[in-house]
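Shown below: my_file.tsv, with TSV, C-alpha atoms.
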```
chain	number	residue	atom	x	y	z
A	1460	MET	CA	2.18	-46.34	7.08
A	1461	TYR	CA	1.42	-49.97	6.36
A	1462	LYS	CA	4.07	-52.07	4.61
A	1463	LEU	CA	2.49	-54.33	2.00
A	1464	SER	CA	4.24	-57.37	0.55
A	1465	PRO	CA	3.45	-57.98	-3.15
A	1466	SER	CA	3.35	-61.77	-2.72
A	1467	ASP	CA	0.62	-61.47	-0.07
A	1468	PHE	CA	-1.82	-60.20	-2.70
A	1469	ARG	CA	-1.70	-63.59	-4.43
A	1470	TYR	CA	-2.20	-65.78	-1.38
A	1471	LEU	CA	-2.83	-64.32	2.08
A	1472	TRP	CA	-5.14	-61.48	1.02
A	1473	ASN	CA	-7.37	-63.86	-0.91
A	1474	ASP	CA	-7.17	-66.71	1.60
A	1475	CYS	CA	-7.97	-64.97	4.90
A	1476	LYS	CA	-8.58	-61.32	5.77
A	1477	HIS	CA	-8.12	-62.03	9.49
A	1478	CYS	CA	-4.63	-63.49	9.00
A	1479	TYR	CA	-3.74	-60.71	6.54
A	1480	PHE	CA	-4.80	-58.05	9.06
A	1481	GLN	CA	-2.77	-59.69	11.84
A	1482	LYS	CA	0.35	-59.89	9.68
A	1483	VAL	CA	0.34	-56.35	8.29
A	1484	LYS	CA	-0.91	-54.49	11.35
A	1485	TYR	CA	0.69	-56.47	14.17
A	1486	GLY	CA	3.50	-58.41	12.48
A	1487	ILE	CA	1.94	-61.79	13.35
A	1488	ALA	CA	2.92	-63.89	10.35
A	1489	LEU	CA	1.64	-67.37	9.63
A	1490	PRO	CA	3.98	-70.23	10.56
A	1491	SER	CA	6.49	-70.85	7.80
A	1492	ILE	CA	5.92	-74.15	6.03
A	1493	GLY	CA	8.98	-73.77	3.84
A	1494	ILE	CA	9.59	-74.53	0.18
A	1495	PRO	CA	10.96	-77.96	-0.78
A	1496	GLY	CA	14.70	-77.72	-1.37
A	1497	VAL	CA	14.44	-78.88	-4.98
A	1498	PHE	CA	12.33	-75.83	-5.91
A	1499	SER	CA	14.76	-73.44	-4.19
A	1500	LYS	CA	17.64	-75.09	-6.04
A	1501	MET	CA	15.87	-74.84	-9.41
A	1502	ASN	CA	14.96	-71.21	-8.76
A	1503	GLY	CA	18.58	-70.39	-7.93
A	1504	LEU	CA	19.81	-72.06	-11.11
A	1505	LEU	CA	17.24	-70.12	-13.15
A	1506	GLN	CA	18.27	-66.78	-11.69
A	1507	LYS	CA	21.97	-67.46	-12.22
A	1508	SER	CA	21.57	-68.56	-15.83
A	1509	LEU	CA	19.11	-65.92	-17.04
A	1510	VAL	CA	20.84	-62.65	-16.12
A	1511	GLY	CA	22.22	-61.07	-19.30
A	1512	MET	CA	20.09	-63.17	-21.64
A	1513	ASP	CA	17.76	-61.74	-24.25
A	1514	LEU	CA	14.15	-62.58	-23.43
A	1515	GLN	CA	13.54	-63.79	-26.97
A	1516	ASP	CA	16.19	-66.46	-26.47
A	1517	LEU	CA	13.71	-67.96	-24.01
A	1518	SER	CA	10.63	-67.57	-26.16
A	1519	SER	CA	9.74	-65.71	-29.34
A	1520	GLU	CA	6.54	-64.61	-27.59
A	1521	LEU	CA	8.50	-62.53	-25.09
A	1522	PRO	CA	9.41	-58.87	-25.72
A	1523	LYS	CA	12.96	-58.20	-26.92
A	1524	GLY	CA	15.33	-57.02	-24.20
A	1525	LYS	CA	18.12	-57.99	-21.82
A	1526	ILE	CA	17.47	-59.36	-18.35
A	1527	GLN	CA	19.34	-56.99	-16.01
A	1528	VAL	CA	18.33	-57.85	-12.45
A	1529	ALA	CA	17.42	-61.10	-10.71
A	1530	GLU	CA	15.67	-61.02	-7.31
A	1531	GLY	CA	15.83	-57.27	-6.87
A	1532	TYR	CA	14.55	-55.37	-3.83
A	1533	LEU	CA	12.01	-52.58	-4.15
A	1534	LYS	CA	10.30	-50.09	-1.86
A	1535	SER	CA	7.68	-47.62	-3.02
A	1536	ALA	CA	6.39	-44.22	-2.09
A	1537	ALA	CA	2.93	-43.97	-0.50
A	1538	ILE	CA	0.14	-45.31	-2.71
A	1539	PRO	CA	-2.83	-43.04	-3.55
A	1540	SER	CA	-5.56	-42.35	-2.75
A	1541	LYS	CA	-5.29	-43.08	0.98
A	1542	ASN	CA	-1.49	-42.61	1.07
A	1543	ASP	CA	-1.14	-44.81	4.16
A	1544	CYS	CA	0.34	-47.91	2.46
A	1545	TYR	CA	3.54	-48.63	0.57
A	1546	ILE	CA	5.01	-51.63	-1.25
A	1547	SER	CA	8.11	-53.41	-0.02
A	1548	GLY	CA	9.51	-56.72	-1.23
A	1549	ARG	CA	11.47	-58.57	-3.89
A	1550	PHE	CA	10.77	-59.21	-7.56
A	1551	ASP	CA	12.10	-62.03	-9.75
A	1552	PHE	CA	13.45	-60.39	-12.93
A	1553	LEU	CA	13.72	-56.91	-14.41
A	1554	THR	CA	14.40	-56.60	-18.13
A	1555	LYS	CA	15.38	-53.48	-20.06
A	1556	LEU	CA	13.53	-53.58	-23.36
A	1557	ASP	CA	14.88	-52.27	-26.65
A	1558	ASP	CA	12.62	-49.20	-26.50
A	1559	GLY	CA	14.19	-48.12	-23.16
A	1560	SER	CA	11.26	-49.16	-20.99
A	1561	PHE	CA	11.28	-52.12	-18.61
A	1562	SER	CA	9.49	-55.41	-18.17
A	1563	VAL	CA	8.95	-57.04	-14.79
A	1564	ILE	CA	8.54	-60.81	-14.91
A	1565	ASP	CA	7.82	-63.52	-12.37
A	1566	PHE	CA	9.11	-67.03	-13.02
A	1567	LYS	CA	7.08	-69.92	-11.64
A	1568	ILE	CA	7.81	-73.64	-11.55
A	1569	SER	CA	4.30	-74.97	-11.96
A	1570	ASP	CA	1.78	-76.30	-14.46
A	1571	PRO	CA	1.27	-73.75	-17.27
A	1572	ASN	CA	-2.23	-72.37	-16.93
A	1573	GLU	CA	-3.70	-69.01	-18.02
A	1574	ASP	CA	-6.06	-68.73	-15.06
A	1575	LYS	CA	-3.26	-69.52	-12.62
A	1576	ALA	CA	-0.98	-66.92	-14.21
A	1577	GLN	CA	-3.61	-64.17	-14.09
A	1578	LYS	CA	-3.92	-64.61	-10.33
A	1579	PHE	CA	-0.52	-62.94	-10.03
A	1580	SER	CA	-1.87	-59.72	-11.58
A	1581	SER	CA	-2.05	-57.73	-8.32
A	1582	GLN	CA	1.45	-58.85	-7.35
A	1583	LEU	CA	2.91	-57.68	-10.67
A	1584	HIS	CA	1.01	-54.39	-10.52
A	1585	ALA	CA	2.55	-53.84	-7.07
A	1586	TYR	CA	6.01	-54.34	-8.62
A	1587	LYS	CA	5.13	-51.90	-11.40
A	1588	PHE	CA	3.97	-49.21	-8.97
A	1589	ALA	CA	7.05	-49.59	-6.77
A	1590	LEU	CA	9.47	-49.45	-9.71
A	1591	GLU	CA	7.75	-46.39	-11.17
A	1592	ASN	CA	7.31	-44.68	-7.78
A	1593	PRO	CA	10.36	-45.64	-5.71
A	1594	GLN	CA	11.13	-44.36	-2.25
A	1595	ASN	CA	14.29	-42.51	-1.21
A	1596	GLY	CA	15.10	-40.77	-4.48
A	1597	ILE	CA	15.86	-43.89	-6.52
A	1598	GLU	CA	15.48	-43.34	-10.27
A	1599	PRO	CA	12.00	-44.45	-11.41
A	1600	LYS	CA	11.66	-47.04	-14.17
A	1601	ASN	CA	8.89	-47.03	-16.76
A	1602	VAL	CA	7.38	-50.53	-16.73
A	1603	SER	CA	5.62	-51.19	-20.04
A	1604	LYS	CA	5.29	-55.00	-19.81
A	1605	MET	CA	4.30	-57.38	-17.04
A	1606	GLY	CA	3.97	-61.12	-17.15
A	1607	VAL	CA	4.57	-64.58	-15.76
A	1608	VAL	CA	6.82	-67.24	-17.26
A	1609	ILE	CA	5.79	-70.70	-16.11
A	1610	VAL	CA	8.26	-73.55	-16.42
A	1611	SER	CA	7.13	-77.16	-16.07
A	1612	PRO	CA	9.20	-80.30	-16.85
A	1613	GLU	CA	7.90	-82.04	-19.98
A	1614	SER	CA	10.36	-84.89	-20.45
A	1615	ILE	CA	13.33	-86.59	-18.82
A	1616	GLU	CA	16.38	-88.20	-20.40
A	1617	PHE	CA	19.21	-90.20	-18.86
A	1618	ASN	CA	22.49	-89.52	-20.62
A	1619	ASN	CA	26.08	-90.51	-19.69
A	1620	GLY	CA	25.28	-90.88	-16.02
A	1621	GLY	CA	23.33	-87.62	-15.87
A	1622	VAL	CA	19.66	-86.68	-15.93
A	1623	ASN	CA	18.30	-83.98	-18.26
A	1624	PHE	CA	14.90	-82.41	-17.81
A	1625	THR	CA	13.42	-80.49	-20.73
A	1626	SER	CA	10.79	-77.79	-20.52
A	1627	LYS	CA	9.28	-75.08	-22.69
A	1628	PRO	CA	8.90	-71.64	-21.05
A	1629	ASN	CA	5.27	-70.50	-21.22
A	1630	TRP	CA	4.70	-66.72	-21.31
A	1631	PHE	CA	1.50	-65.20	-19.92
A	1632	GLU	CA	1.24	-61.43	-20.28
A	1633	ILE	CA	-0.58	-59.44	-17.62
A	1634	SER	CA	-2.59	-56.51	-19.00
A	1635	GLU	CA	-2.10	-53.19	-17.22
A	1636	ASP	CA	-5.03	-52.05	-15.07
A	1637	MET	CA	-3.75	-49.56	-12.51
A	1638	ASP	CA	-7.27	-48.39	-11.61
A	1639	SER	CA	-8.07	-51.88	-10.30
A	1640	PHE	CA	-4.77	-51.92	-8.40
A	1641	TYR	CA	-5.50	-48.58	-6.72
A	1642	GLY	CA	-8.98	-49.86	-5.89
A	1643	LEU	CA	-7.43	-52.93	-4.26
A	1644	ILE	CA	-5.09	-50.78	-2.17
A	1645	ASP	CA	-8.02	-48.62	-1.01
A	1646	GLU	CA	-9.79	-51.83	0.03
A	1647	VAL	CA	-6.69	-53.01	1.90
A	1648	SER	CA	-6.39	-49.63	3.64
A	1649	GLY	CA	-10.04	-49.76	4.68
A	1650	LEU	CA	-9.55	-53.21	6.17
A	1651	LEU	CA	-6.40	-52.23	8.08
A	1652	ASN	CA	-8.00	-49.09	9.50
A	1653	GLY	CA	-11.08	-50.97	10.68
A	1654	PRO	CA	-11.71	-53.52	13.43
A	1655	VAL	CA	-10.02	-56.91	13.47
A	1656	PRO	CA	-11.85	-59.15	10.95
A	1657	GLU	CA	-13.52	-62.25	12.30
A	1658	GLU	CA	-11.57	-65.50	12.08
A	1659	SER	CA	-12.49	-67.36	8.92
A	1660	ASP	CA	-14.17	-70.76	8.95
A	1661	THR	CA	-12.45	-71.56	5.63
A	1662	CYS	CA	-8.90	-70.78	6.83
A	1663	ALA	CA	-6.92	-73.75	8.14
A	1664	TRP	CA	-4.89	-71.55	10.49
A	1665	CYS	CA	-8.01	-69.89	11.92
A	1666	LYS	CA	-9.58	-73.32	12.45
A	1667	TYR	CA	-6.47	-74.42	14.33
A	1668	ARG	CA	-6.53	-71.25	16.45
A	1669	LEU	CA	-10.22	-71.69	17.28
A	1670	CYS	CA	-9.57	-75.22	18.58
A	1671	PHE	CA	-8.00	-73.67	21.66
A	1672	PRO	CA	-9.62	-71.14	24.01
A	1673	HIS	CA	-7.75	-67.87	24.53
A	1674	GLN	CA	-5.65	-68.29	27.65
A	1675	ASN	CA	-5.81	-65.74	30.43
A	1676	GLU	CA	-2.65	-64.09	31.68
A	1677	GLY	CA	-1.01	-66.16	34.35
A	1678	ALA	CA	-2.08	-69.46	32.84
A	1679	GLN	CA	1.55	-70.57	32.87
A	1680	ASP	CA	1.35	-70.73	36.67
A	1681	ASP	CA	-0.60	-73.96	36.27
A	1682	ILE	CA	2.25	-75.72	34.44
A	1683	PRO	CA	3.62	-78.35	36.90
A	1684	PHE	CA	7.34	-77.73	36.30
```
Could I get this file's structure written as structure tokens?
Amino acid sequence: MYKLSPSDFRYLWNDCKHCYFQKVKYGIALPSIGIPGVFSKMNGLLQKSLVGMDLQDLSSELPKGKIQVAEGYLKSAAIPSKNDCYISGRFDFLTKLDDGSFSVIDFKISDPNEDKAQKFSSQLHAYKFALENPQNGIEPKNVSKMGVVIVSPESIEFNNGGVNFTSKPNWFEISEDMDSFYGLIDEVSGLLNGPVPEESDTCAWCKYRLCFPHQNEGAQDDIPF
């Protein structure tokens, strides 16, 4: 069984099939660049302040319901039709809506943009599948809404020795299309069960790797210390 990370559908899968293959099949992850500390701090403040809030207190465009979980862990059953992959990872926020169903939402600190938000569709569908088809007997949750809330500072004010940033949350709903998600997983399964993809000439990490010839075993014997 192949463990698939939801966040990899947004970036690694689209950026480089060779690097994606190496990570999922052999556990060879790309070097970690790290997130600037200010973004981690802002994300932590968001998570702490939002739990227990009604979504409509953020924006009237959001569905009505209480945010219950921040940064929850999920793990799914096998995904059809190949049944050789499962989802494992963390989601941002889970909200119980007034009708008893749930909404899974990703918060992003970025420029609000519809095209940018829609690129997270596969990631959110992965969350939906895992929440509705959990592993290990966990109670499934019916996810009726998916979306991205993008927060971007719009103004700054200095007041009594402090600094206040203001921003308007921008809601971008993701339309459900599970057939496309299952098609994506079949494509991923086909890649992982095939030969190693060629290194990409558009991937910065592949370009770096190709700058150096593959070393033969025993090459360390030539090191003069």
Neighbouring residues of A:Ala1529 were defined as those with any atom within 10 Å, considering all atoms listed in the file; residues of the same chain fewer than 3 positions away were excluded. Please report them as a list in words.
Gly1503, Leu1505, Gln1506, Lys1507, Ser1508, Leu1509, Val1510, Gly1511, Ile1526, Tyr1532, Arg1549, Phe1550, Asp1551, Phe1552, Leu1553, Thr1554 and Ile1564 of chain A
Find the spatial neighbours of stretch 1575-1582 of chain A, counting all atoms listed in the file, within a cut-off of 10 Å - ignore same-chain residues fewer than 4 positions away - and output them as a ChimeraX atom specification.
/A:1464-1470,1550,1565,1567,1569-1571,1586-1587,1605-1609,1630-1637,1639-1641,1643-1644
I'd like the neighbourhood of stretch 1539-1545 of chain A as JSON, numbers by chain, where a residue qualifies if any of its atoms comes within 7 Å (using all atoms listed in the file), though same-chain residues fewer than 5 positions away should be ignored.
{"A": [1460, 1461, 1462, 1463, 1641, 1645]}
Can you pull out the residues contacting stretch 1651-1663 of chain A? Cut-off 8 Å, using all atoms listed in the file, and skip same-chain residues under 4 positions away; I want them as a count of residues only.
11
Give as a list in words the set of residues within 12 Å of the point (14.7, -59.9, -30.5), where distances use the file's coordinates and all atoms listed in the file.
Met1512, Asp1513, Leu1514, Gln1515, Asp1516, Leu1517, Ser1518, Ser1519, Glu1520, Leu1521, Pro1522, Lys1523, Gly1524, Lys1525, Leu1556, Asp1557 and Asp1558 of chain A
Dump as a PDB file, in the frame of the given file, selection limited to C-alpha atoms:
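Final output, selection-v7.pdb:
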```pdb
ATOM      1  CA  MET A1512      20.090 -63.170 -21.640  1.00  0.00           C
ATOM      2  CA  ASP A1513      17.760 -61.740 -24.250  1.00  0.00           C
ATOM      3  CA  LEU A1514      14.150 -62.580 -23.430  1.00  0.00           C
ATOM      4  CA  GLN A1515      13.540 -63.790 -26.970  1.00  0.00           C
ATOM      5  CA  ASP A1516      16.190 -66.460 -26.470  1.00  0.00           C
ATOM      6  CA  LEU A1517      13.710 -67.960 -24.010  1.00  0.00           C
ATOM      7  CA  SER A1518      10.630 -67.570 -26.160  1.00  0.00           C
ATOM      8  CA  SER A1519       9.740 -65.710 -29.340  1.00  0.00           C
ATOM      9  CA  GLU A1520       6.540 -64.610 -27.590  1.00  0.00           C
ATOM     10  CA  LEU A1521       8.500 -62.530 -25.090  1.00  0.00           C
ATOM     11  CA  PRO A1522       9.410 -58.870 -25.720  1.00  0.00           C
ATOM     12  CA  LYS A1523      12.960 -58.200 -26.920  1.00  0.00           C
ATOM     13  CA  GLY A1524      15.330 -57.020 -24.200  1.00  0.00           C
ATOM     14  CA  LYS A1525      18.120 -57.990 -21.820  1.00  0.00           C
ATOM     15  CA  LEU A1556      13.530 -53.580 -23.360  1.00  0.00           C
ATOM     16  CA  ASP A1557      14.880 -52.270 -26.650  1.00  0.00           C
ATOM     17  CA  ASP A1558      12.620 -49.200 -26.500  1.00  0.00           C
TER      18      ASP A1558
END
```
Pick out the closest residue to A:Glu1591 from this set: A:Ile1615, A:Ile1538, A:Ile1568, A:Ile1492. Count all atoms listed in the file.
A:Ile1538
Which value, in Å to one decimal, gives the distance between atom CA of A:Asn1601 and atom CA of A:Gly1559?
8.4 Å
